[in-house]
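Enquirer: Quick one: structure below, then a few questions.
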Amino acid sequence: MKLLMKLDLLILDDFLLHTITDESEVKILFMVLEKRCESQKSTIVCSQREPKSWSSMILNDEVSANAILKRATRHYTIVINSK
């Protein structure tokens, strides 16, 4: 966690590529995003899924999913659709 907080920019690539079913992983993801928001550190989240579908990939806990989504999309959300 200390290393992640020292980084000026953290890029989370393939974000929620697989479903997170482990409660401890949900907590860690929340803590990373929360602490980076609090310390005003930049985080880029890249995913092949649209942000609106992310909540279904986080456990079966709507409250945690919403909290993580709020932090992951706090300032800007850019969706690029290829056709």
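Naming works like this for the structure tokens: A, B, ... for the chains as they're shown, residue 1 at the start of each chain, ligands 1 onward in shown order.
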Just want the 12 Å neighbourhood of Glu25 (chain A), counted on only C-alpha atoms, with same-chain residues fewer than 4 positions away dropped. Output as a PyMOL selection string.
Expert: chain A and resi 16+19-21+29-32+58-59+64-65+68
Enquirer: Store the residues of this selection in a file with N, CA and C atoms, as a PDB file, in the first residue's frame.
Expert:
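What ended up in result-v3.pdb:
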```pdb
ATOM      1  N   LEU A  16     -11.207  -5.033 -13.622  1.00  0.00           N
ATOM      2  CA  LEU A  16     -12.359  -5.920 -13.496  1.00  0.00           C
ATOM      3  C   LEU A  16     -12.560  -6.809 -14.711  1.00  0.00           C
ATOM      4  N   THR A  19     -14.387 -11.369 -12.346  1.00  0.00           N
ATOM      5  CA  THR A  19     -15.199 -11.058 -11.181  1.00  0.00           C
ATOM      6  C   THR A  19     -14.369 -11.176  -9.903  1.00  0.00           C
ATOM      7  N   ILE A  20     -14.533 -10.200  -9.024  1.00  0.00           N
ATOM      8  CA  ILE A  20     -13.874 -10.248  -7.719  1.00  0.00           C
ATOM      9  C   ILE A  20     -14.861 -10.884  -6.746  1.00  0.00           C
ATOM     10  N   THR A  21     -14.499 -12.051  -6.240  1.00  0.00           N
ATOM     11  CA  THR A  21     -15.384 -12.759  -5.320  1.00  0.00           C
ATOM     12  C   THR A  21     -14.837 -12.802  -3.904  1.00  0.00           C
ATOM     13  N   LEU A  29      -9.043  -3.153  -3.011  1.00  0.00           N
ATOM     14  CA  LEU A  29      -9.324  -2.275  -4.147  1.00  0.00           C
ATOM     15  C   LEU A  29      -9.946  -0.971  -3.666  1.00  0.00           C
ATOM     16  N   PHE A  30     -10.904  -1.058  -2.765  1.00  0.00           N
ATOM     17  CA  PHE A  30     -11.524   0.145  -2.213  1.00  0.00           C
ATOM     18  C   PHE A  30     -10.482   1.015  -1.515  1.00  0.00           C
ATOM     19  N   MET A  31      -9.649   0.407  -0.669  1.00  0.00           N
ATOM     20  CA  MET A  31      -8.643   1.181   0.077  1.00  0.00           C
ATOM     21  C   MET A  31      -7.667   1.881  -0.855  1.00  0.00           C
ATOM     22  N   VAL A  32      -7.210   1.196  -1.888  1.00  0.00           N
ATOM     23  CA  VAL A  32      -6.268   1.804  -2.841  1.00  0.00           C
ATOM     24  C   VAL A  32      -6.911   3.020  -3.492  1.00  0.00           C
ATOM     25  N   ILE A  58     -18.139  -7.042  -9.088  1.00  0.00           N
ATOM     26  CA  ILE A  58     -17.613  -6.935  -7.728  1.00  0.00           C
ATOM     27  C   ILE A  58     -18.515  -7.692  -6.770  1.00  0.00           C
ATOM     28  N   LEU A  59     -18.031  -8.853  -6.347  1.00  0.00           N
ATOM     29  CA  LEU A  59     -18.715  -9.689  -5.365  1.00  0.00           C
ATOM     30  C   LEU A  59     -20.199  -9.717  -5.664  1.00  0.00           C
ATOM     31  N   SER A  64     -20.438  -1.980  -1.701  1.00  0.00           N
ATOM     32  CA  SER A  64     -18.998  -1.916  -1.991  1.00  0.00           C
ATOM     33  C   SER A  64     -18.752  -1.582  -3.448  1.00  0.00           C
ATOM     34  N   ALA A  65     -19.508  -2.178  -4.339  1.00  0.00           N
ATOM     35  CA  ALA A  65     -19.350  -1.924  -5.766  1.00  0.00           C
ATOM     36  C   ALA A  65     -19.583  -0.449  -6.073  1.00  0.00           C
ATOM     37  N   ILE A  68     -16.611   1.683  -4.802  1.00  0.00           N
ATOM     38  CA  ILE A  68     -15.441   1.532  -5.670  1.00  0.00           C
ATOM     39  C   ILE A  68     -15.661   2.289  -6.975  1.00  0.00           C
TER      40      ILE A  68
END
```
Enquirer: Identify, on the basis of only C-alpha atoms, every residue whose closest approach to Ile80 (chain A) does not exceed 12 Å; exclude the query and any residue fewer than 4 positions from it along the same chain; express the result as a list in words.
Expert: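 Near Ile80 (chain A), the qualifying residues are Cys46, Ser47, Gln48, Arg49, Glu50 and Pro51 of chain A.
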Enquirer: Could you state the separation of CA of Asp8 (chain A) and CA of Lys27 (chain A) in Å, given to one decimal place?
Expert: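 The value is 21.9 Å.
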Enquirer: Could you tell me which of A:Val26, A:Leu17, A:Leu9, A:Ile44 comes closest to Asp61 (chain A) if we count only C-alpha atoms?
Expert: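 With only C-alpha atoms as the atom set, the closest residue is A:Val26.
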Enquirer: As a VMD selection string, which residues of chain A does DSSP assign to strand (DSSP E)?
Expert: chain A and resid 9 to 12 42 to 45
Enquirer: Can I get the selected residues back with N, CA and C atoms, as a CSV table (one decimal), in the first residue's frame?
Expert:
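Writing done, so here's result-v1.csv:
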```
chain,number,residue,atom,x,y,z
A,9,LEU,N,1.4,8.5,-10.5
A,9,LEU,CA,0.4,8.0,-11.4
A,9,LEU,C,0.3,6.4,-11.2
A,10,LEU,N,-0.9,5.9,-11.0
A,10,LEU,CA,-1.1,4.5,-11.0
A,10,LEU,C,-2.1,4.1,-12.1
A,11,ILE,N,-1.7,3.2,-12.9
A,11,ILE,CA,-2.6,2.7,-14.0
A,11,ILE,C,-3.1,1.3,-13.7
A,12,LEU,N,-4.4,1.2,-13.6
A,12,LEU,CA,-5.0,-0.1,-13.4
A,12,LEU,C,-5.5,-0.6,-14.7
A,42,SER,N,-3.0,10.7,-9.0
A,42,SER,CA,-3.7,10.3,-10.3
A,42,SER,C,-3.8,8.8,-10.4
A,43,THR,N,-4.9,8.4,-10.9
A,43,THR,CA,-5.1,7.0,-11.2
A,43,THR,C,-5.9,6.9,-12.5
A,44,ILE,N,-5.4,6.1,-13.4
A,44,ILE,CA,-6.0,5.8,-14.6
A,44,ILE,C,-6.5,4.3,-14.6
A,45,VAL,N,-7.8,4.2,-14.9
A,45,VAL,CA,-8.4,2.9,-14.9
A,45,VAL,C,-8.8,2.5,-16.3
```
Enquirer: Rank A:Lys83, A:Glu23, A:His75, A:Lys35 by their smallest atom-to-atom distance to Asn60 (chain A), using only C-alpha atoms, and report the top residue only.
Expert: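 Checking each of A:Lys83, A:Glu23, A:His75, A:Lys35 against Asn60 (chain A), counting only C-alpha atoms, the winner is A:Glu23.
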Enquirer: Could you state the separation of CA of Lys70 (chain A) and CA of Leu3 (chain A) in Å, given to one decimal place?
Expert: 22.9 Å
Enquirer: Could you write out, as an NGL selection string, all the residues of region 13-52 of chain A that DSSP marks as alpha helix (DSSP H)?
Expert: :A and (23-38 or 51-52)
Enquirer: Name the closest residue to Leu33 (chain A) among the candidates A:Ser82, A:Thr77, A:Lys2, A:Ala72; distances are taken between atoms, counting only C-alpha atoms.
Expert: A:Ala72
